[in-house]
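Enquirer: The file below is start-v6.pdb, PDB, C-alpha atoms and all ligand atoms:
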ATOM      1  CA  MET A   1      26.687 -19.027 -30.415
ATOM      2  CA  ARG A   2      23.650 -19.777 -32.581
ATOM      3  CA  SER A   3      20.354 -19.245 -30.738
ATOM      4  CA  LEU A   4      18.136 -22.295 -30.258
ATOM      5  CA  SER A   5      14.863 -22.714 -32.116
ATOM      6  CA  LEU A   6      11.820 -23.259 -29.954
ATOM      7  CA  ASP A   7      11.644 -26.928 -31.108
ATOM      8  CA  GLU A   8      15.260 -27.498 -30.092
ATOM      9  CA  LEU A   9      14.659 -25.813 -26.748
ATOM     10  CA  PHE A  10      11.621 -28.008 -26.031
ATOM     11  CA  GLY A  11      13.677 -31.044 -27.110
ATOM     12  CA  LEU A  12      16.341 -30.129 -24.558
ATOM     13  CA  LEU A  13      13.833 -29.393 -21.819
ATOM     14  CA  SER A  14      12.164 -32.773 -22.270
ATOM     15  CA  THR A  15      15.474 -34.530 -21.468
ATOM     16  CA  VAL A  16      15.782 -32.811 -18.094
ATOM     17  CA  GLN A  17      14.898 -34.692 -14.896
ATOM     18  CA  TRP A  18      12.763 -32.154 -13.058
ATOM     19  CA  SER A  19      12.571 -32.119  -9.295
ATOM     20  CA  PRO A  20       9.318 -30.777  -7.809
ATOM     21  CA  ALA A  21      11.210 -27.617  -6.751
ATOM     22  CA  ASP A  22      12.572 -27.114 -10.298
ATOM     23  CA  LEU A  23       9.106 -27.606 -11.758
ATOM     24  CA  ALA A  24       7.678 -25.043  -9.353
ATOM     25  CA  ARG A  25      10.373 -22.574 -10.447
ATOM     26  CA  LEU A  26       9.678 -23.231 -14.114
ATOM     27  CA  ARG A  27       5.933 -22.727 -13.636
ATOM     28  CA  GLU A  28       6.555 -19.479 -11.747
ATOM     29  CA  TRP A  29       8.889 -18.288 -14.513
ATOM     30  CA  ILE A  30       6.354 -19.061 -17.252
ATOM     31  CA  ALA A  31       3.556 -17.402 -15.305
ATOM     32  CA  ASN A  32       5.605 -14.213 -15.184
ATOM     33  CA  ILE A  33       6.430 -13.954 -18.874
ATOM     34  CA  ALA A  34       4.742 -10.690 -19.711
ATOM     35  CA  ASN A  35       3.608  -9.351 -23.026
ATOM     36  CA  PRO A  36       5.558  -6.067 -23.165
ATOM     37  CA  ALA A  37       2.758  -4.357 -25.064
ATOM     38  CA  GLU A  38       0.056  -5.178 -22.532
ATOM     39  CA  CYS A  39       1.074  -2.729 -19.825
ATOM     40  CA  ILE A  40       1.520   0.114 -22.328
ATOM     41  CA  ALA A  41      -1.891  -0.636 -23.866
ATOM     42  CA  VAL A  42      -3.588  -0.540 -20.443
ATOM     43  CA  ILE A  43      -1.964   2.798 -19.582
ATOM     44  CA  GLU A  44      -2.777   4.412 -22.942
ATOM     45  CA  GLN A  45      -6.368   3.199 -22.796
ATOM     46  CA  ALA A  46      -6.937   4.333 -19.211
ATOM     47  CA  ALA A  47      -5.448   7.774 -19.919
ATOM     48  CA  ALA A  48      -7.306   8.345 -23.205
ATOM     49  CA  GLY A  49      -8.857  11.815 -23.303
ATOM     50  CA  ARG A  50      -6.917  13.025 -20.247
ATOM     51  CA  PRO A  51      -6.363  16.807 -20.467
ATOM     52  CA  CYS A  52      -2.895  18.350 -20.302
ATOM     53  CA  PRO A  53      -1.449  17.657 -16.801
ATOM     54  CA  HIS A  54       0.355  21.029 -16.859
ATOM     55  CA  CYS A  55      -2.498  23.412 -17.720
ATOM     56  CA  GLY A  56      -5.695  21.337 -18.015
ATOM     57  CA  CYS A  57      -6.194  22.182 -21.693
ATOM     58  CA  ALA A  58      -7.938  19.424 -23.706
ATOM     59  CA  MET A  59      -6.454  20.417 -27.079
ATOM     60  CA  LYS A  60      -3.302  18.533 -28.005
ATOM     61  CA  HIS A  61      -1.607  16.852 -30.912
ATOM     62  CA  ARG A  62       0.566  13.777 -31.172
ATOM     63  CA  CYS A  63       4.312  14.285 -31.327
ATOM     64  CA  GLY A  64       6.212  11.011 -31.527
ATOM     65  CA  GLN A  65       6.859   8.350 -28.919
ATOM     66  CA  ALA A  66       9.131   8.077 -25.901
ATOM     67  CA  SER A  67       9.676   5.130 -23.528
ATOM     68  CA  GLY A  68       6.990   3.212 -25.405
ATOM     69  CA  LEU A  69       4.311   5.834 -24.735
ATOM     70  CA  GLN A  70       2.673   8.269 -27.132
ATOM     71  CA  ARG A  71       3.848  11.843 -26.563
ATOM     72  CA  PHE A  72       1.470  14.763 -26.945
ATOM     73  CA  ARG A  73       2.062  18.470 -27.317
ATOM     74  CA  CYS A  74      -0.479  20.708 -25.607
ATOM     75  CA  LEU A  75      -1.913  23.480 -27.768
ATOM     76  CA  GLY A  76      -2.529  25.615 -24.669
ATOM     77  CA  CYS A  77       0.861  25.695 -22.939
ATOM     78  CA  ARG A  78       2.965  24.112 -25.740
ATOM     79  CA  ARG A  79       4.551  21.698 -23.250
ATOM     80  CA  SER A  80       4.705  17.967 -23.986
ATOM     81  CA  HIS A  81       3.364  15.117 -21.866
ATOM     82  CA  ASN A  82       2.475  11.444 -21.996
ATOM     83  CA  ALA A  83      -0.121   9.250 -20.254
ATOM     84  CA  LEU A  84       1.961   9.082 -17.057
ATOM     85  CA  THR A  85       3.194  12.686 -16.766
ATOM     86  CA  GLY A  86       2.284  14.032 -13.335
ATOM     87  CA  THR A  87       1.431  10.578 -11.893
ATOM     88  CA  PRO A  88       3.515   8.629  -9.333
ATOM     89  CA  LEU A  89       4.647   6.313 -12.131
ATOM     90  CA  ALA A  90       6.170   8.987 -14.372
ATOM     91  CA  ARG A  91       9.689   8.107 -15.533
ATOM     92  CA  LEU A  92       9.742   4.589 -14.052
ATOM     93  CA  ARG A  93      11.366   2.184 -16.510
ATOM     94  CA  LYS A  94      10.917  -1.454 -17.578
ATOM     95  CA  LYS A  95       7.166  -1.253 -18.103
ATOM     96  CA  GLU A  96       7.113  -4.810 -19.430
ATOM     97  CA  ARG A  97       7.771  -5.990 -15.862
ATOM     98  CA  TRP A  98       5.187  -3.815 -14.109
ATOM     99  CA  LEU A  99       2.229  -6.199 -14.353
ATOM    100  CA  PRO A 100       4.208  -9.209 -13.033
ATOM    101  CA  TYR A 101       5.519  -6.914 -10.283
ATOM    102  CA  LEU A 102       1.991  -5.838  -9.349
ATOM    103  CA  GLN A 103       1.036  -9.509  -9.140
ATOM    104  CA  CYS A 104       3.807  -9.771  -6.509
ATOM    105  CA  VAL A 105       2.229  -6.818  -4.666
ATOM    106  CA  LEU A 106      -1.098  -8.679  -4.657
ATOM    107  CA  GLU A 107       0.722 -11.735  -3.286
ATOM    108  CA  SER A 108       2.387  -9.626  -0.533
ATOM    109  CA  ARG A 109       5.873 -10.687  -1.576
ATOM    110  CA  THR A 110       8.901  -9.132   0.096
ATOM    111  CA  VAL A 111      11.191  -6.746  -1.830
ATOM    112  CA  ARG A 112      13.798  -9.475  -2.289
ATOM    113  CA  ASP A 113      11.299 -12.135  -3.352
ATOM    114  CA  ALA A 114       9.536  -9.841  -5.857
ATOM    115  CA  ALA A 115      12.938  -8.859  -7.308
ATOM    116  CA  ARG A 116      13.777 -12.520  -7.866
ATOM    117  CA  VAL A 117      10.404 -13.409  -9.412
ATOM    118  CA  VAL A 118      10.249 -10.419 -11.753
ATOM    119  CA  GLY A 119      13.966 -10.293 -12.583
ATOM    120  CA  VAL A 120      14.802  -6.755 -11.432
ATOM    121  CA  HIS A 121      17.374  -5.506  -8.939
ATOM    122  CA  ARG A 122      16.394  -5.275  -5.254
ATOM    123  CA  THR A 123      16.732  -1.494  -5.273
ATOM    124  CA  THR A 124      14.343  -1.332  -8.250
ATOM    125  CA  SER A 125      11.934  -3.625  -6.424
ATOM    126  CA  PHE A 126      12.099  -1.343  -3.371
ATOM    127  CA  ARG A 127      11.631   1.832  -5.436
ATOM    128  CA  TRP A 128       8.665   0.342  -7.318
ATOM    129  CA  ARG A 129       6.986  -0.789  -4.108
ATOM    130  CA  HIS A 130       7.088   2.723  -2.699
ATOM    131  CA  ARG A 131       5.698   4.207  -5.923
ATOM    132  CA  PHE A 132       2.993   1.667  -6.755
ATOM    133  CA  VAL A 133       1.646   1.171  -3.234
ATOM    134  CA  PRO A 134       1.205   4.885  -2.268
ATOM    135  CA  GLY A 135      -0.423   5.484  -5.659
ATOM    136  CA  ALA A 136      -2.909   2.646  -5.227
ATOM    137  CA  MET A 137      -3.564   3.640  -1.588
ATOM    138  CA  ARG A 138      -5.333   6.769  -2.761
ATOM    139  CA  ASP A 139      -8.217   4.466  -3.554
ATOM    140  CA  ARG A 140      -9.850   5.160  -0.186
ATOM    141  CA  PRO A 141     -13.401   5.948   0.899
ATOM    142  CA  LYS A 142     -14.179   9.666   1.196
ATOM    143  CA  MET A 143     -16.671   9.156   4.035
ATOM    144  CA  LEU A 144     -17.584   6.407   6.467
ATOM    145  CA  SER A 145     -21.210   5.737   7.288
ATOM    146  CA  ALA A 146     -23.597   4.988  10.177
ATOM    147  CA  ILE A 147     -21.789   2.924  12.831
ATOM    148  CA  VAL A 148     -18.037   3.573  12.882
ATOM    149  CA  GLU A 149     -15.589   1.687  15.072
ATOM    150  CA  ALA A 150     -12.256   3.365  15.796
ATOM    151  CA  ASP A 151      -9.205   2.088  17.619
ATOM    152  CA  GLU A 152      -5.436   2.481  17.513
ATOM    153  CA  THR A 153      -2.615   0.007  17.329
ATOM    154  CA  TYR A 154       0.895   0.945  18.452
ATOM    155  CA  ARG A 155       4.203  -0.190  17.033
ATOM    156  CA  LEU A 156       7.637   0.458  18.384
ATOM    157  CA  GLU A 157       9.206   3.264  16.341
ATOM    158  CA  SER A 158      11.656   1.917  13.752
ATOM    159  CA  GLN A 159      14.432   3.553  11.774
ATOM    160  CA  LYS A 160      15.010   0.475   9.612
ATOM    161  CA  GLY A 161      17.089   1.366   6.563
ATOM    162  CA  SER A 162      18.181   4.792   7.902
ATOM    163  CA  ARG A 163      21.889   5.581   7.625
ATOM    164  CA  LYS A 164      21.843   7.783  10.721
ATOM    165  CA  LEU A 165      19.904   6.826  13.831
ATOM    166  CA  THR A 166      18.529   9.705  15.871
ATOM    167  CA  ARG A 167      18.820   7.603  19.066
ATOM    168  CA  PRO A 168      21.167   4.919  20.416
ATOM    169  CA  PRO A 169      20.554   1.559  18.698
ATOM    170  CA  ARG A 170      18.336  -0.876  20.590
ATOM    171  CA  GLN A 171      20.002  -3.985  21.934
ATOM    172  CA  ARG A 172      18.338  -7.134  20.569
ATOM    173  CA  GLY A 173      15.751  -5.265  18.563
ATOM    174  CA  GLY A 174      12.215  -4.580  19.570
ATOM    175  CA  VAL A 175      12.117  -3.676  23.245
ATOM    176  CA  ALA A 176      11.055  -0.227  24.441
ATOM    177  CA  ARG A 177      13.066   1.569  27.123
ATOM    178  CA  ARG A 178      10.021   2.257  29.263
ATOM    179  CA  ARG A 179       6.808   0.339  29.851
ATOM    180  CA  GLY A 180       3.495   1.373  28.353
ATOM    181  CA  ILE A 181       2.718   3.469  25.272
ATOM    182  CA  ASN A 182       5.003   6.485  24.967
ATOM    183  CA  HIS A 183       6.895   8.517  22.416
ATOM    184  CA  GLU A 184       8.828   5.450  21.300
ATOM    185  CA  HIS A 185       5.616   4.143  19.699
ATOM    186  CA  ASP A 186       3.996   4.980  16.384
ATOM    187  CA  CYS A 187       0.227   5.218  16.540
ATOM    188  CA  LEU A 188      -1.844   3.786  13.684
ATOM    189  CA  LEU A 189      -5.481   4.853  13.990
ATOM    190  CA  VAL A 190      -8.030   2.755  12.095
ATOM    191  CA  ALA A 191     -11.711   3.612  11.596
ATOM    192  CA  ARG A 192     -14.004   1.031  10.049
ATOM    193  CA  ASP A 193     -17.738   1.131   9.415
ATOM    194  CA  ARG A 194     -20.099  -1.817   9.332
ATOM    195  CA  ASN A 195     -19.974  -1.896   5.512
ATOM    196  CA  HIS A 196     -16.267  -2.744   5.975
ATOM    197  CA  GLN A 197     -15.095   0.584   4.589
ATOM    198  CA  THR A 198     -11.800   1.290   6.311
ATOM    199  CA  LEU A 199      -9.572   4.327   6.784
ATOM    200  CA  ASP A 200      -6.111   4.371   8.346
ATOM    201  CA  PHE A 201      -4.061   7.251   9.750
ATOM    202  CA  HIS A 202      -0.534   7.431  11.127
ATOM    203  CA  THR A 203      -1.166  10.030  13.808
ATOM    204  CA  GLY A 204       2.453  10.281  15.006
ATOM    205  CA  ARG A 205       4.192   9.095  18.168
ATOM    206  CA  GLY A 206       2.584   8.370  21.513
ATOM    207  CA  GLN A 207      -1.035   8.039  22.661
ATOM    208  CA  VAL A 208      -3.604   9.433  20.250
ATOM    209  CA  THR A 209      -4.944  12.855  21.271
ATOM    210  CA  ALA A 210      -8.365  14.480  20.848
ATOM    211  CA  LYS A 211      -6.763  16.990  18.495
ATOM    212  CA  GLN A 212      -5.438  14.224  16.242
ATOM    213  CA  LEU A 213      -8.824  12.469  16.298
ATOM    214  CA  HIS A 214     -10.400  15.745  15.237
ATOM    215  CA  ARG A 215      -8.003  16.134  12.336
ATOM    216  CA  CYS A 216      -8.359  12.524  11.124
ATOM    217  CA  LEU A 217     -11.942  11.536  11.916
ATOM    218  CA  ARG A 218     -13.976  14.748  11.790
ATOM    219  CA  PRO A 219     -13.830  15.056   7.956
ATOM    220  CA  VAL A 220     -14.881  11.436   7.367
ATOM    221  CA  LEU A 221     -17.684  11.045   9.920
ATOM    222  CA  PRO A 222     -21.182  12.087   8.818
ATOM    223  CA  ALA A 223     -23.153  14.181  11.315
ATOM    224  CA  ASP A 224     -25.437  11.232  12.177
ATOM    225  CA  ALA A 225     -22.600   8.721  12.727
ATOM    226  CA  LEU A 226     -22.376   6.617  15.855
ATOM    227  CA  LEU A 227     -18.731   6.397  16.907
ATOM    228  CA  ILE A 228     -17.652   3.402  19.003
ATOM    229  CA  SER A 229     -14.260   3.227  20.703
ATOM    230  CA  ASP A 230     -12.566   1.874  23.796
ATOM    231  CA  GLY A 231     -12.610   3.918  26.997
ATOM    232  CA  ALA A 232      -9.663   6.200  26.095
ATOM    233  CA  ILE A 233     -10.450   9.729  27.211
ATOM    234  CA  ALA A 234      -9.334  11.268  23.886
ATOM    235  CA  TYR A 235     -12.370   9.767  22.093
ATOM    236  CA  ARG A 236     -14.786  11.163  24.682
ATOM    237  CA  HIS A 237     -13.285  14.628  24.388
ATOM    238  CA  PHE A 238     -13.270  14.502  20.603
ATOM    239  CA  ALA A 239     -16.883  13.250  20.360
ATOM    240  CA  ALA A 240     -18.130  15.875  22.818
ATOM    241  CA  GLN A 241     -16.330  18.695  20.988
ATOM    242  CA  ALA A 242     -17.418  17.509  17.538
ATOM    243  CA  GLY A 243     -20.998  16.755  18.577
ATOM    244  CA  ILE A 244     -20.723  13.108  17.423
ATOM    245  CA  THR A 245     -22.822  10.434  19.130
ATOM    246  CA  HIS A 246     -20.381   8.196  20.958
ATOM    247  CA  GLU A 247     -20.438   4.865  22.790
ATOM    248  CA  PHE A 248     -17.394   3.328  24.411
ATOM    249  CA  MET A 249     -16.463  -0.108  25.663
ATOM    250  CA  ASN A 250     -14.670  -0.380  28.950
ATOM    251  CA  VAL A 251     -12.247  -2.921  27.488
ATOM    252  CA  LYS A 252      -9.860  -2.642  30.444
ATOM    253  CA  ALA A 253     -12.677  -3.799  32.754
ATOM    254  CA  GLY A 254     -13.231  -6.813  30.477
ATOM    255  CA  VAL A 255     -16.343  -5.492  28.708
ATOM    256  CA  ARG A 256     -15.955  -6.391  25.029
ATOM    257  CA  ALA A 257     -19.504  -6.017  23.658
ATOM    258  CA  ARG A 258     -22.974  -4.727  24.494
ATOM    259  CA  GLY A 259     -25.103  -6.081  21.645
ATOM    260  CA  ALA A 260     -24.107  -4.213  18.478
ATOM    261  CA  ILE A 261     -21.837  -1.912  20.473
ATOM    262  CA  HIS A 262     -18.355  -3.344  20.060
ATOM    263  CA  ILE A 263     -15.066  -2.686  18.238
ATOM    264  CA  GLN A 264     -14.456  -6.218  17.054
ATOM    265  CA  ASN A 265     -14.394  -5.327  13.344
ATOM    266  CA  VAL A 266     -11.615  -2.814  13.780
ATOM    267  CA  ASN A 267      -9.742  -5.099  16.177
ATOM    268  CA  GLY A 268     -10.037  -7.931  13.639
ATOM    269  CA  TRP A 269      -8.480  -5.615  11.030
ATOM    270  CA  HIS A 270      -5.618  -4.797  13.418
ATOM    271  CA  SER A 271      -4.875  -8.440  14.086
ATOM    272  CA  ARG A 272      -4.908  -9.310  10.361
ATOM    273  CA  PHE A 273      -2.558  -6.363   9.770
ATOM    274  CA  LYS A 274      -0.149  -7.455  12.481
ATOM    275  CA  SER A 275       0.054 -11.050  11.306
ATOM    276  CA  TRP A 276       0.416  -9.951   7.649
ATOM    277  CA  LEU A 277       3.251  -7.612   8.668
ATOM    278  CA  VAL A 278       5.358 -10.384  10.219
ATOM    279  CA  ARG A 279       6.756 -11.466   6.817
ATOM    280  CA  PHE A 280       8.434  -8.065   6.361
ATOM    281  CA  ARG A 281      10.466  -8.426   9.590
ATOM    282  CA  GLY A 282       9.940  -4.898  10.825
ATOM    283  CA  VAL A 283       8.959  -1.838   8.829
ATOM    284  CA  ALA A 284      10.391   1.658   9.110
ATOM    285  CA  SER A 285       8.141   4.208  10.825
ATOM    286  CA  ARG A 286       8.197   6.460   7.795
ATOM    287  CA  TYR A 287       6.721   3.670   5.665
ATOM    288  CA  LEU A 288       4.178   2.442   8.233
ATOM    289  CA  ILE A 289       1.281   4.147   6.444
ATOM    290  CA  ASN A 290       2.349   2.559   3.126
ATOM    291  CA  TYR A 291       2.133  -0.882   4.676
ATOM    292  CA  SER A 292      -1.207  -0.233   6.314
ATOM    293  CA  GLY A 293      -2.472   1.191   3.004
ATOM    294  CA  TRP A 294      -1.225  -1.914   1.220
ATOM    295  CA  GLN A 295      -3.030  -4.169   3.713
ATOM    296  CA  ARG A 296      -6.148  -2.003   3.373
ATOM    297  CA  ILE A 297      -6.132  -2.530  -0.420
ATOM    298  CA  LEU A 298      -5.733  -6.302  -0.064
ATOM    299  CA  ASP A 299      -8.258  -6.565   2.757
ATOM    300  CA  ALA A 300     -10.933  -4.597   0.876
ATOM    301  CA  HIS A 301     -10.811  -6.966  -2.152
ATOM    302  CA  ARG A 302     -11.581  -4.066  -4.488
ATOM    303  CA  LEU A 303      -8.361  -3.985  -6.491
ATOM    304  CA  THR A 304      -7.850  -7.649  -7.227
ATOM    305  CA  THR A 305      -5.817  -7.791 -10.463
ATOM    306  CA  PRO A 306      -2.499  -6.241 -11.568
ATOM    307  CA  ILE A 307      -4.434  -4.086 -14.050
ATOM    308  CA  HIS A 308      -6.725  -2.699 -11.310
ATOM    309  CA  LEU A 309      -3.657  -1.865  -9.242
ATOM    310  CA  LEU A 310      -1.854  -0.283 -12.195
ATOM    311  CA  CYS A 311      -4.764   2.027 -12.995
ATOM    312  CA  ALA A 312      -5.183   3.000  -9.335
ATOM    313  CA  ALA A 313      -1.429   3.573  -8.878
ATOM    314  CA  ALA A 314      -1.259   5.725 -12.011
ATOM    315  CA  GLN A 315      -4.434   7.502 -10.865
ATOM    316  CA  LEU A 316      -6.015   6.699 -14.190
ATOM    317  CA  SER A 317      -9.105   4.889 -12.906
TER     318      SER A 317
HETATM  319 ZN    ZN B 401      -0.984  22.399 -21.360
END
Once you've parsed the file, please lay out its structure as structure tokens.
Expert:
Amino acid sequence: MRSLSLDELFGLLSTVQWSPADLARLREWIANIANPAECIAVIEQAAAGRPCPHCGCAMKHRCGQASGLQRFRCLGCRRSHNALTGTPLARLRKKERWLPYLQCVLESRTVRDAARVVGVHRTTSFRWRHRFVPGAMRDRPKMLSAIVEADETYRLESQKGSRKLTRPPRQRGGVARRRGINHEHDCLLVARDRNHQTLDFHTGRGQVTAKQLHRCLRPVLPADALLISDGAIAYRHFAAQAGITHEFMNVKAGVRARGAIHIQNVNGWHSRFKSWLVRFRGVASRYLINYSGWQRILDAHRLTTPIHLLCAAAQLS
């Protein structure tokens, strides 16, 4: 069959009776037509001058192209590399679809929905999500400052997607066997300062312990920080051991704030996270930190375009 010229195609399109749903689909399709060269250009530009990822040597010469990227040979170790060698995005294919896919990440689309919009298979969409998101999540503050609120949120442990369950399946989904927080629950610890810098930690199963708080919070709290938490004993033990100034709210007794002493910023983050998570209909425990990292990126409004996300994910920024 002869291929249509653009004029003929437009002629045909203008005879179609478009429903609002069809028009929406057409607009979405046009918006996702990517210039195949754009993604490559962004990667090459961001990685310009990067030393050899194998040995750190800066001396290299060009040696052909592979998968659309310039290849280099290192004069130190003689091994070859390209702009993505050693990054989470090495060896992923179909670069022309990466920027539209990252737009789907910014729009919090599900695996299935992003696959449909970008025109890749669902398994590709899944694989890309768990490469791009963990890469971009490394964009996190090194330290929090001044007043730091910390609190945990618990989610029932989930083995979604696992071929072999390590426990009997739950009847009718999300109900724990016992009441209260126990080892059936994953703990997500969130610390947030009053400049809205946020850090998240999956501490494991069950109630957070002073030891876990030490491991997660000690490195990111400056010596003069004021830590605010609820009345859980683990925070008091941790703060006393670490010599951190600490105030706590007796939330169980109904005390939610004493002037500036409250944990409403971190609780607000938790509630945004939980309502954002609903669209994914349950997430596996082993990916919980990826989802909280994803929400942290969106909530911080720092990486706001597909190109920002691409550079962060490839660790080129
Ligand atoms: Zn080298």
Enquirer: Could the residues of chain A that have an atom at most 7 Å from ligand ZN 401 (chain B) be listed as CSV, each with its closest atom pair and the distance in Å to one decimal, counting all atoms listed in the file and ordered by chain and ascending residue number?
Expert:
residue,atom,partner,partner_atom,distance
A:Cys52,CA,B:ZN401,ZN,4.6
A:Pro53,CA,B:ZN401,ZN,6.6
A:His54,CA,B:ZN401,ZN,4.9
A:Cys55,CA,B:ZN401,ZN,4.1
A:Gly56,CA,B:ZN401,ZN,5.9
A:Cys57,CA,B:ZN401,ZN,5.2
A:Cys74,CA,B:ZN401,ZN,4.6
A:Leu75,CA,B:ZN401,ZN,6.6
A:Gly76,CA,B:ZN401,ZN,4.9
A:Cys77,CA,B:ZN401,ZN,4.1
A:Arg78,CA,B:ZN401,ZN,6.1
A:Arg79,CA,B:ZN401,ZN,5.9
Enquirer: Would you please work out which residue, of A:Arg205, A:Arg122, A:Arg71, A:His130, is nearest to Glu157 (chain A) when using all atoms listed in the file?
Expert: A:Arg205
Enquirer: Excluding region 113-119 of chain A and its own-chain neighbours fewer than 4 positions away, which residues fall within 12 Å of it when counting all atoms listed in the file? Please give them as a VMD selection string.
Expert: chain A and resid 24 to 34 94 to 109 123 to 129 279 to 280
Enquirer: Enter the distance from CA of Asp224 (chain A) to CA of Lys211 (chain A), in Å, rounded to one decimal.
Expert: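 Interatomic distance, CA of Asp224 (chain A) to CA of Lys211 (chain A): 20.5 Å.
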Enquirer: Rounded to one decimal place, report the CA of Val278 (chain A)-CA of Trp294 (chain A) distance in Å.
Expert: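 Result for CA of Val278 (chain A) versus CA of Trp294 (chain A): 14.0 Å, one decimal.
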Enquirer: Report, in Å to a single decimal, how far apart CA of Ala41 (chain A) and CA of Ser3 (chain A) are.
Expert: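 Between CA of Ser3 (chain A) and CA of Ala41 (chain A) the gap works out to 29.8 Å.
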Enquirer: Expand the PyMOL selection byres (((chain A and resi 249) around 10) and not hetatm) into the individual residues it matches in the shown file, reporting them as a list of chain:residue names.
Expert: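 On this input, the PyMOL selection byres (((chain A and resi 249) around 10) and not hetatm) captures A:Ile228, A:Ser229, A:Asp230, A:Gly231, A:Ala232, A:Glu247, A:Phe248, A:Asn250, A:Val251, A:Lys252, A:Ala253, A:Gly254, A:Val255, A:Arg256, A:Ala257, A:Arg258, A:Ile261, A:His262, A:Ile263.
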Enquirer: Within 7 Å of region 85-93 of chain A, counting only C-alpha atoms, which residues show up once you throw out same-chain ones fewer than 5 positions away? Write them as a list in words, please.
Expert: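 Residues near the query, excluding close chain neighbours: Pro53, Arg131, Gly135, Ala314 and Gln315 of chain A.
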Enquirer: Which residues, written as a ChimeraX atom specification, have at least one atom at most 10 Å from Arg296 (chain A), with only C-alpha atoms counted and residues fewer than 3 positions away on the same chain left out?
Expert: /A:137,139-140,197-200,269,273,290-293,299-302
Enquirer: Find the residue from A:Ala136, A:Ala37, A:Ala242, A:Val148 that sits nearest to Gln295 (chain A); use only C-alpha atoms when measuring.
Expert: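 Under the stated criterion, the closest residue is A:Ala136.
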Enquirer: Please evaluate the PyMOL selection byres (((chain A and resi 186) around 10) and not hetatm) against the structure above and give the resulting residues as an MDAnalysis selection string.
Expert: chainID A and resid 152:158 181:185 187:189 202:208 285:286 288
Enquirer: Box for region 106-122 of chain A - axis-aligned, 8 Å on each of the six sides, all listed atoms - centre and size in Å to one decimal, as AutoDock Vina command-line options.
Expert:
--center_x 8.1 --center_y -9.3 --center_z -6.2 --size_x 34.5 --size_y 24.1 --size_z 28.7
Enquirer: Give the answer as one residue: which of A:Leu4, A:Leu13, A:Val42, A:Val266 has the shortest atom-to-atom distance to Leu310 (chain A), using all atoms listed in the file?
Expert: A:Val42
Enquirer: Using only C-alpha atoms, which of the listed residues (A:Ala260, A:Ile43, A:Ala66, A:Ile233) sits closest to Glu149 (chain A)?
Expert: A:Ala260
Enquirer: Can you pull out every residue within 8 Å of region 143-145 of chain A, counting all atoms listed in the file, but drop anything in the same chain fewer than 3 positions away, and send it as a PyMOL selection string?
Expert: chain A and resi 148+192-195+197-198+219-222+225
